[in-house]
Amino acid sequence: MATSASSQLSKVVKRQYMELPQGDKVQAMYIWIDGTGEGLRCKTRTLDSEPKSIEDLPEWNFDGSSTYQSEGSNSDMYLIPAAMFRDPFRKDPNKLVLCQVLKYNRKPAETNHRQTCRKIMDMVEHQIPWFGMEQEYTILGTDGHPFGWPSNGFPGPQGPYYCGVGADKAYGRDIVEAHYRACLYAGVEICGTNAEVMPAQWEFQIGPCEGINMGDHLWVARFILHRVCEDFGVVASFDPKPIPGNWNGAGCHTNFSTKEMRENGGLKCIEESIEKLGKRHNYHIRAYDPKGGLDNARRLTGHHETSNIHEFSAGVANRGASIRIPRSVGQEKKGYFEDRRPSANCDPYAVTEALIRTCLLDEEGEEPVDY
Amino acid sequence: ETSGFLWRGANPSCFTKVAIRSRMSYVSDSSTLNKALRQHYLTLPQGQFCQLTYVWIDGTGEGLRNKTRTIDSEPKSLADVPEWNFDGSSTGQSKGYNSDMMLIPVRMFRDPFLLDPNKLVLCEVLKHTGEPAESNHRNRCHKSMEKVTDLHPWFGMEQEYTLLGVDRHPFGWPRHGFPKPQGPYYCGVGADKAFGRDIVECHFKACLYAGVKITGTNAEVMPSQWEFQVGPCEGIEIADQLWMARFLLHRVCEDFGVVASLDPKPMVGDWNGAGCHVNMSTVPMREDGGIEYVEKAIEKLSKRHPEHIRVYDPHGGEDNKRRLTGRHETSSIHDFSSGIANRGASVRIPRQVDQEKCGYFEDRRPSANCDPYSVIYEMAVTCMLDEK
């Protein structure tokens, strides 16, 4: 069986311990992004009382030499609390605390894209930028094979699985349901879920979130997904092309709008933004996966509802384009647009920052401006 | 397989799970017993009677033993807990013809297994003569801590341990092999990174309930290896707290059917060992400019390296030889070294201590199976009592 040994441990026994009262003590689980820019790490500390806001949470530190972030001889790195959520695993009053990582000299760690994202978002606050991100992912067994697929083979071709129902169509729905409820409990802005085109592939959507909240909520939603899968004994993969061949990849389509785009006649502003994006395709491709475009090269082929990585395109209701303008937006002449290029394992801070820089700060060329 | 006994509240799928678990040879048979059934009995009211479980360290200096007695009412403090005795010839502590050993209560906790009003009572062991047993290092530790109370020494200890199946293979590892190399496991999340988190979560809750001063947990560098931290506690309390935390860990693992190993090098090869780093500070170190006292203490430690190594594991340094190699974030057992934020040194000064110029230091040498009474006793002798 391709589920983990841990998931076979008695959950009846576990519940008996987890229901023990804990007095005034509160457990705060600090979460951060490691040196890969994709992996999440966590550790817990006890607090003497329930934190009411992020200001009540102390700074912490960790051993960066064990997370691909520093050398053993100079290994301390700082954890700075950034956003707090309820803990759906340990329940109230315990907390999940998303952090950003600083190096020993207090500068942002290499994979800490939150700091500059925050600065950029602050610059355009008055334009009220909203984001919605559609996180696709694949459920794998601990053997690395998609969950529910036959052991040494493949299921029937794609077609019946997207939004499907039935044991022959939907693989692992329990995880999706549990994750959804856990996100709602935690206070993460989850707005929906659906089964995806490839069997064992699913999607959830986070948003609409303003500014920096998009990155914070998506990272915590991902952490919750990994923890839920761990409990069930399976693995969530954000690899953008987990199975080569005639099988869909996994993206993180990003929907974006500003106050101006959402008002009457906003379509003009949308078209102007798309024009600017068209001139900066390579800069965005580099920001849209953690390997500067190499991961997306396996996914953005022009097939399987993707655009080709080498060309920029846009169109109304066009899922083969880099940018899709939803049909309803085309009709109402206002709304938002969808950038379909980001890969499932993108850093949402890097993605949302790039969109602001190009569309609202009018940047051009291969490099971001240092303000 | 259980019989057709259906207990109210028990779910028929419990029985399927029992069948599956009994095929898993890496968890104990005990753990497959019906826990819903156990719950019925453990929630029976017990009148005013109170169950006291006495816990002590056996003749190995590593193992813990326990037995339980009924008393007529809930003890309000240690003074209400009577002394007891046990058969030391069955715990490697005495001969059969003169086997009675004494159990002297030293600290009381709430019982997270039998629940209120029942208690866990940590004890020290005396021989029939009234002298401390061979593996009772608490006695002289207590005396030395009394001499340095004005320094208010605070300790924090970081207990690392490895989860094993009853087949002694690390829990969650492939049956006849190894997982992918170290890198993704430290503080990791996901079924391919974190093995046995349920135990860690339950142990944390059990400690909070019991009144053990657990300050945190994290997954460690080797898969199936975890760490919890106890403290800060003043003086001897740290060692009492750590021993009780270890007892709770063994009991929680027993309930789940797995084993907690405190062996300092459970897997040979490119796999981390398990230590029990001890953090220490005194009043002068914690005050402004206290880093001067931190550095003085480290200087004193550097002159007594072999003496400390001898007491930092229960086998005179032999256990630590397998662990302190200079690789895998350890210092070499042969040399003393120290450094800021340096995890390859014997003693590490945390970066923020260096920046704030006061605080504490971390001695990274003690092994996971050390006796904390022996460790802090030696630190008091070297750093606080100025003996050579």
# chains A, B, ... in the order shown; residues from 1 in each chain; ligands from 1
call {"tool": "select_by_dssp", "arguments": {"residues": "stretch 155-211 of chain B", "states": "helix (DSSP H, G or I)", "output": "ChimeraX atom specification"}}
result
/B:197-210
call {"tool": "write_last_selection", "arguments": {"atoms": "N, CA and C atoms", "output": "short mmCIF file (atom, residue, chain, number, x, y, z; two decimals), in the first residue's frame"}}
result
data_model
loop_
_atom_site.label_atom_id
_atom_site.label_comp_id
_atom_site.auth_asym_id
_atom_site.auth_seq_id
_atom_site.Cartn_x
_atom_site.Cartn_y
_atom_site.Cartn_z
N ARG B 197 4.77 11.94 13.25
CA ARG B 197 4.42 13.20 13.92
C ARG B 197 3.37 12.99 15.00
N ASP B 198 2.47 12.02 14.83
CA ASP B 198 1.42 11.79 15.84
C ASP B 198 2.03 11.65 17.24
N ILE B 199 3.16 10.94 17.32
CA ILE B 199 3.79 10.73 18.62
C ILE B 199 4.25 12.05 19.21
N VAL B 200 4.84 12.87 18.38
CA VAL B 200 5.36 14.17 18.83
C VAL B 200 4.22 15.04 19.35
N GLU B 201 3.12 15.09 18.59
CA GLU B 201 1.97 15.89 18.97
C GLU B 201 1.38 15.42 20.29
N CYS B 202 1.23 14.10 20.42
CA CYS B 202 0.62 13.56 21.63
C CYS B 202 1.53 13.74 22.84
N HIS B 203 2.83 13.59 22.64
CA HIS B 203 3.78 13.79 23.74
C HIS B 203 3.73 15.23 24.23
N PHE B 204 3.66 16.18 23.29
CA PHE B 204 3.60 17.61 23.63
C PHE B 204 2.38 17.85 24.52
N LYS B 205 1.21 17.37 24.09
CA LYS B 205 -0.03 17.58 24.86
C LYS B 205 0.07 16.91 26.23
N ALA B 206 0.64 15.70 26.26
CA ALA B 206 0.77 14.99 27.52
C ALA B 206 1.66 15.79 28.48
N CYS B 207 2.74 16.36 27.97
CA CYS B 207 3.64 17.16 28.81
C CYS B 207 2.93 18.41 29.34
N LEU B 208 2.20 19.10 28.46
CA LEU B 208 1.50 20.30 28.90
C LEU B 208 0.51 19.96 30.00
N TYR B 209 -0.21 18.86 29.83
CA TYR B 209 -1.18 18.44 30.84
C TYR B 209 -0.49 18.11 32.15
N ALA B 210 0.59 17.38 32.05
CA ALA B 210 1.27 16.89 33.26
C ALA B 210 1.92 18.01 34.06
#
call {"tool": "interface_residues", "arguments": {"of": "chain B", "to": "chain A", "cutoff": "8 Å", "atoms": "only C-alpha atoms", "output": "PDB file with N, CA and C atoms, in the first residue's frame"}}
result
ATOM      1  N   ARG B  21      -3.503  -3.530  11.202  1.00  0.00           N
ATOM      2  CA  ARG B  21      -2.336  -3.204  12.026  1.00  0.00           C
ATOM      3  C   ARG B  21      -1.619  -4.458  12.487  1.00  0.00           C
ATOM      4  N   SER B  31      -0.474  -2.368  20.836  1.00  0.00           N
ATOM      5  CA  SER B  31      -1.059  -1.163  20.239  1.00  0.00           C
ATOM      6  C   SER B  31      -2.272  -1.486  19.388  1.00  0.00           C
ATOM      7  N   LYS B  35      -8.671   0.409  21.617  1.00  0.00           N
ATOM      8  CA  LYS B  35      -8.490   1.582  22.481  1.00  0.00           C
ATOM      9  C   LYS B  35      -9.825   2.208  22.872  1.00  0.00           C
ATOM     10  N   ALA B  36     -10.850   1.984  22.085  1.00  0.00           N
ATOM     11  CA  ALA B  36     -12.169   2.488  22.468  1.00  0.00           C
ATOM     12  C   ALA B  36     -12.653   1.718  23.686  1.00  0.00           C
ATOM     13  N   PRO B 112      -1.167  12.226  32.599  1.00  0.00           N
ATOM     14  CA  PRO B 112      -1.905  12.396  31.344  1.00  0.00           C
ATOM     15  C   PRO B 112      -2.459  11.096  30.779  1.00  0.00           C
ATOM     16  N   PHE B 171      11.274   3.924  12.363  1.00  0.00           N
ATOM     17  CA  PHE B 171       9.867   3.890  11.983  1.00  0.00           C
ATOM     18  C   PHE B 171       9.626   4.687  10.710  1.00  0.00           C
ATOM     19  N   GLY B 172       8.963   4.050   9.737  1.00  0.00           N
ATOM     20  CA  GLY B 172       8.665   4.746   8.491  1.00  0.00           C
ATOM     21  C   GLY B 172       9.718   4.542   7.412  1.00  0.00           C
ATOM     22  N   GLY B 183      18.474  16.096   4.228  1.00  0.00           N
ATOM     23  CA  GLY B 183      18.358  17.387   3.537  1.00  0.00           C
ATOM     24  C   GLY B 183      16.954  17.915   3.720  1.00  0.00           C
ATOM     25  N   PRO B 184      15.941  17.153   3.300  1.00  0.00           N
ATOM     26  CA  PRO B 184      14.567  17.656   3.355  1.00  0.00           C
ATOM     27  C   PRO B 184      13.822  17.404   4.665  1.00  0.00           C
ATOM     28  N   TYR B 186      14.650  18.002   8.170  1.00  0.00           N
ATOM     29  CA  TYR B 186      14.696  18.927   9.307  1.00  0.00           C
ATOM     30  C   TYR B 186      13.519  19.890   9.246  1.00  0.00           C
ATOM     31  N   CYS B 187      12.677  19.910  10.290  1.00  0.00           N
ATOM     32  CA  CYS B 187      11.469  20.746  10.311  1.00  0.00           C
ATOM     33  C   CYS B 187      10.540  20.486   9.129  1.00  0.00           C
ATOM     34  N   GLY B 188      10.632  19.330   8.510  1.00  0.00           N
ATOM     35  CA  GLY B 188       9.874  19.051   7.300  1.00  0.00           C
ATOM     36  C   GLY B 188       8.397  18.786   7.538  1.00  0.00           C
ATOM     37  N   VAL B 189       7.646  18.827   6.416  1.00  0.00           N
ATOM     38  CA  VAL B 189       6.213  18.521   6.467  1.00  0.00           C
ATOM     39  C   VAL B 189       5.898  17.654   5.263  1.00  0.00           C
ATOM     40  N   GLY B 190       4.973  16.707   5.419  1.00  0.00           N
ATOM     41  CA  GLY B 190       4.622  15.832   4.307  1.00  0.00           C
ATOM     42  C   GLY B 190       4.954  14.400   4.649  1.00  0.00           C
ATOM     43  N   ALA B 191       4.178  13.463   4.070  1.00  0.00           N
ATOM     44  CA  ALA B 191       4.335  12.051   4.419  1.00  0.00           C
ATOM     45  C   ALA B 191       5.678  11.494   3.973  1.00  0.00           C
ATOM     46  N   ASP B 192       6.330  12.196   3.024  1.00  0.00           N
ATOM     47  CA  ASP B 192       7.645  11.726   2.576  1.00  0.00           C
ATOM     48  C   ASP B 192       8.777  12.408   3.346  1.00  0.00           C
ATOM     49  N   ALA B 194       8.131  13.702   7.085  1.00  0.00           N
ATOM     50  CA  ALA B 194       7.929  13.624   8.536  1.00  0.00           C
ATOM     51  C   ALA B 194       7.346  12.264   8.883  1.00  0.00           C
ATOM     52  N   PHE B 195       8.082  11.477   9.692  1.00  0.00           N
ATOM     53  CA  PHE B 195       7.649  10.119  10.044  1.00  0.00           C
ATOM     54  C   PHE B 195       7.296  10.056  11.517  1.00  0.00           C
ATOM     55  N   GLY B 196       5.997   9.852  11.806  1.00  0.00           N
ATOM     56  CA  GLY B 196       5.597   9.646  13.195  1.00  0.00           C
ATOM     57  C   GLY B 196       5.223  10.910  13.940  1.00  0.00           C
ATOM     58  N   ARG B 197       4.765  11.938  13.251  1.00  0.00           N
ATOM     59  CA  ARG B 197       4.416  13.195  13.920  1.00  0.00           C
ATOM     60  C   ARG B 197       3.368  12.993  15.001  1.00  0.00           C
ATOM     61  N   ASP B 198       2.467  12.022  14.829  1.00  0.00           N
ATOM     62  CA  ASP B 198       1.420  11.790  15.842  1.00  0.00           C
ATOM     63  C   ASP B 198       2.031  11.649  17.236  1.00  0.00           C
ATOM     64  N   ILE B 199       3.158  10.941  17.315  1.00  0.00           N
ATOM     65  CA  ILE B 199       3.790  10.727  18.622  1.00  0.00           C
ATOM     66  C   ILE B 199       4.254  12.053  19.211  1.00  0.00           C
ATOM     67  N   GLU B 201       3.124  15.085  18.592  1.00  0.00           N
ATOM     68  CA  GLU B 201       1.970  15.892  18.971  1.00  0.00           C
ATOM     69  C   GLU B 201       1.385  15.421  20.292  1.00  0.00           C
ATOM     70  N   CYS B 202       1.230  14.103  20.423  1.00  0.00           N
ATOM     71  CA  CYS B 202       0.616  13.563  21.634  1.00  0.00           C
ATOM     72  C   CYS B 202       1.532  13.745  22.837  1.00  0.00           C
ATOM     73  N   HIS B 203       2.827  13.585  22.640  1.00  0.00           N
ATOM     74  CA  HIS B 203       3.776  13.789  23.739  1.00  0.00           C
ATOM     75  C   HIS B 203       3.734  15.229  24.230  1.00  0.00           C
ATOM     76  N   LYS B 205       1.207  17.369  24.088  1.00  0.00           N
ATOM     77  CA  LYS B 205      -0.025  17.575  24.864  1.00  0.00           C
ATOM     78  C   LYS B 205       0.075  16.914  26.228  1.00  0.00           C
ATOM     79  N   ALA B 206       0.640  15.703  26.260  1.00  0.00           N
ATOM     80  CA  ALA B 206       0.772  14.990  27.522  1.00  0.00           C
ATOM     81  C   ALA B 206       1.656  15.790  28.485  1.00  0.00           C
ATOM     82  N   LEU B 208       2.202  19.095  28.456  1.00  0.00           N
ATOM     83  CA  LEU B 208       1.497  20.302  28.899  1.00  0.00           C
ATOM     84  C   LEU B 208       0.511  19.957  30.002  1.00  0.00           C
ATOM     85  N   TYR B 209      -0.209  18.864  29.826  1.00  0.00           N
ATOM     86  CA  TYR B 209      -1.181  18.444  30.837  1.00  0.00           C
ATOM     87  C   TYR B 209      -0.489  18.113  32.152  1.00  0.00           C
ATOM     88  N   ILE B 214       7.609  21.835  28.756  1.00  0.00           N
ATOM     89  CA  ILE B 214       8.055  21.618  27.381  1.00  0.00           C
ATOM     90  C   ILE B 214       7.934  22.922  26.622  1.00  0.00           C
ATOM     91  N   THR B 215       9.013  23.371  25.988  1.00  0.00           N
ATOM     92  CA  THR B 215       8.973  24.663  25.314  1.00  0.00           C
ATOM     93  C   THR B 215       8.873  24.555  23.811  1.00  0.00           C
ATOM     94  N   GLY B 216       9.070  23.394  23.244  1.00  0.00           N
ATOM     95  CA  GLY B 216       8.951  23.327  21.793  1.00  0.00           C
ATOM     96  C   GLY B 216       9.310  21.963  21.249  1.00  0.00           C
ATOM     97  N   THR B 217       9.044  21.778  19.947  1.00  0.00           N
ATOM     98  CA  THR B 217       9.385  20.536  19.247  1.00  0.00           C
ATOM     99  C   THR B 217       9.791  20.886  17.821  1.00  0.00           C
ATOM    100  N   ASN B 218      10.583  20.002  17.207  1.00  0.00           N
ATOM    101  CA  ASN B 218      10.821  20.106  15.773  1.00  0.00           C
ATOM    102  C   ASN B 218      11.267  18.758  15.239  1.00  0.00           C
ATOM    103  N   ALA B 219      11.043  18.561  13.937  1.00  0.00           N
ATOM    104  CA  ALA B 219      11.575  17.375  13.270  1.00  0.00           C
ATOM    105  C   ALA B 219      13.072  17.573  13.104  1.00  0.00           C
ATOM    106  N   VAL B 221      17.161  16.253  11.632  1.00  0.00           N
ATOM    107  CA  VAL B 221      17.802  16.128  10.324  1.00  0.00           C
ATOM    108  C   VAL B 221      17.652  14.726   9.733  1.00  0.00           C
ATOM    109  N   ASP B 255       1.943   3.340  23.727  1.00  0.00           N
ATOM    110  CA  ASP B 255       0.541   3.354  23.314  1.00  0.00           C
ATOM    111  C   ASP B 255       0.400   3.216  21.800  1.00  0.00           C
ATOM    112  N   PHE B 256       1.303   3.823  21.069  1.00  0.00           N
ATOM    113  CA  PHE B 256       1.229   3.744  19.608  1.00  0.00           C
ATOM    114  C   PHE B 256       1.896   2.483  19.056  1.00  0.00           C
ATOM    115  N   GLU B 329      27.148  17.984  12.085  1.00  0.00           N
ATOM    116  CA  GLU B 329      26.893  19.043  13.075  1.00  0.00           C
ATOM    117  C   GLU B 329      27.328  18.671  14.489  1.00  0.00           C
ATOM    118  N   ILE B 340      30.735  31.378  17.623  1.00  0.00           N
ATOM    119  CA  ILE B 340      29.428  32.027  17.494  1.00  0.00           C
ATOM    120  C   ILE B 340      28.670  31.372  16.354  1.00  0.00           C
ATOM    121  N   ALA B 341      27.434  30.942  16.658  1.00  0.00           N
ATOM    122  CA  ALA B 341      26.541  30.336  15.648  1.00  0.00           C
ATOM    123  C   ALA B 341      27.167  29.131  14.962  1.00  0.00           C
ATOM    124  N   ASN B 342      28.174  28.522  15.623  1.00  0.00           N
ATOM    125  CA  ASN B 342      28.895  27.417  14.996  1.00  0.00           C
ATOM    126  C   ASN B 342      28.399  26.075  15.504  1.00  0.00           C
ATOM    127  N   ARG B 343      27.694  25.348  14.636  1.00  0.00           N
ATOM    128  CA  ARG B 343      27.135  24.071  15.059  1.00  0.00           C
ATOM    129  C   ARG B 343      28.127  22.913  14.954  1.00  0.00           C
ATOM    130  N   GLY B 344      29.348  23.207  14.507  1.00  0.00           N
ATOM    131  CA  GLY B 344      30.389  22.175  14.493  1.00  0.00           C
ATOM    132  C   GLY B 344      31.310  22.285  15.693  1.00  0.00           C
ATOM    133  N   PRO B 350      24.987  31.521  20.730  1.00  0.00           N
ATOM    134  CA  PRO B 350      23.983  31.925  19.741  1.00  0.00           C
ATOM    135  C   PRO B 350      24.269  33.324  19.216  1.00  0.00           C
ATOM    136  N   ARG B 351      23.907  33.533  17.941  1.00  0.00           N
ATOM    137  CA  ARG B 351      24.191  34.812  17.287  1.00  0.00           C
ATOM    138  C   ARG B 351      23.592  35.984  18.062  1.00  0.00           C
TER     139      ARG B 351
END
call {"tool": "closest_residue", "arguments": {"among": "A:Thr254, A:Cys99, A:Thr116, A:Leu267", "to": "A:Ile33", "atoms": "only C-alpha atoms"}}
result
A:Cys99
call {"tool": "atom_distance", "arguments": {"atom1": "atom CA of A:Gly166", "atom2": "atom CA of A:Ala317"}}
result
29.0 Å
call {"tool": "residues_around", "arguments": {"residues": "B:Arg140", "least_positions_apart": "4", "cutoff": "12 Å", "atoms": "only C-alpha atoms", "output": "number ranges by chain"}}
result
B: 124, 131-136, 144-147, 236, 373-378, 380-381
call {"tool": "decode", "arguments": {"residues": "stretch 48-63 of chain A", "atoms": "N, CA and C atoms", "output": "tab-separated table (two decimals), in the first residue's frame"}}
result
chain	number	residue	atom	x	y	z
A	48	ASP	N	2.98	31.48	26.75
A	48	ASP	CA	2.27	31.45	28.03
A	48	ASP	C	0.83	31.90	27.94
A	49	SER	N	0.45	32.55	26.82
A	49	SER	CA	-0.94	32.96	26.68
A	49	SER	C	-1.24	33.11	25.20
A	50	GLU	N	-2.54	33.21	24.87
A	50	GLU	CA	-2.92	33.26	23.46
A	50	GLU	C	-2.53	34.60	22.84
A	51	PRO	N	-1.77	34.58	21.75
A	51	PRO	CA	-1.45	35.83	21.06
A	51	PRO	C	-2.69	36.37	20.37
A	52	LYS	N	-2.93	37.68	20.53
A	52	LYS	CA	-4.12	38.27	19.93
A	52	LYS	C	-3.85	38.79	18.53
A	53	SER	N	-2.59	39.13	18.29
A	53	SER	CA	-2.22	39.61	16.96
A	53	SER	C	-0.76	39.26	16.71
A	54	ILE	N	-0.31	39.57	15.50
A	54	ILE	CA	1.05	39.21	15.11
A	54	ILE	C	2.09	39.89	16.00
A	55	GLU	N	1.74	41.04	16.55
A	55	GLU	CA	2.68	41.76	17.42
A	55	GLU	C	3.01	41.00	18.69
A	56	ASP	N	2.11	40.09	19.10
A	56	ASP	CA	2.34	39.31	20.33
A	56	ASP	C	3.30	38.15	20.10
A	57	LEU	N	3.71	37.93	18.86
A	57	LEU	CA	4.55	36.77	18.56
A	57	LEU	C	6.02	37.17	18.50
A	58	PRO	N	6.87	36.51	19.28
A	58	PRO	CA	8.28	36.88	19.28
A	58	PRO	C	9.01	36.40	18.03
A	59	GLU	N	10.11	37.07	17.69
A	59	GLU	CA	11.02	36.59	16.66
A	59	GLU	C	11.65	35.28	17.15
A	60	TRP	N	12.12	34.47	16.22
A	60	TRP	CA	12.74	33.21	16.59
A	60	TRP	C	13.93	33.00	15.64
A	61	ASN	N	14.56	31.83	15.74
A	61	ASN	CA	15.66	31.56	14.81
A	61	ASN	C	15.72	30.05	14.57
A	62	PHE	N	16.53	29.64	13.59
A	62	PHE	CA	16.65	28.21	13.30
A	62	PHE	C	17.99	27.92	12.65
A	63	ASP	N	18.28	26.66	12.47
A	63	ASP	CA	19.54	26.20	11.91
A	63	ASP	C	19.46	26.15	10.39
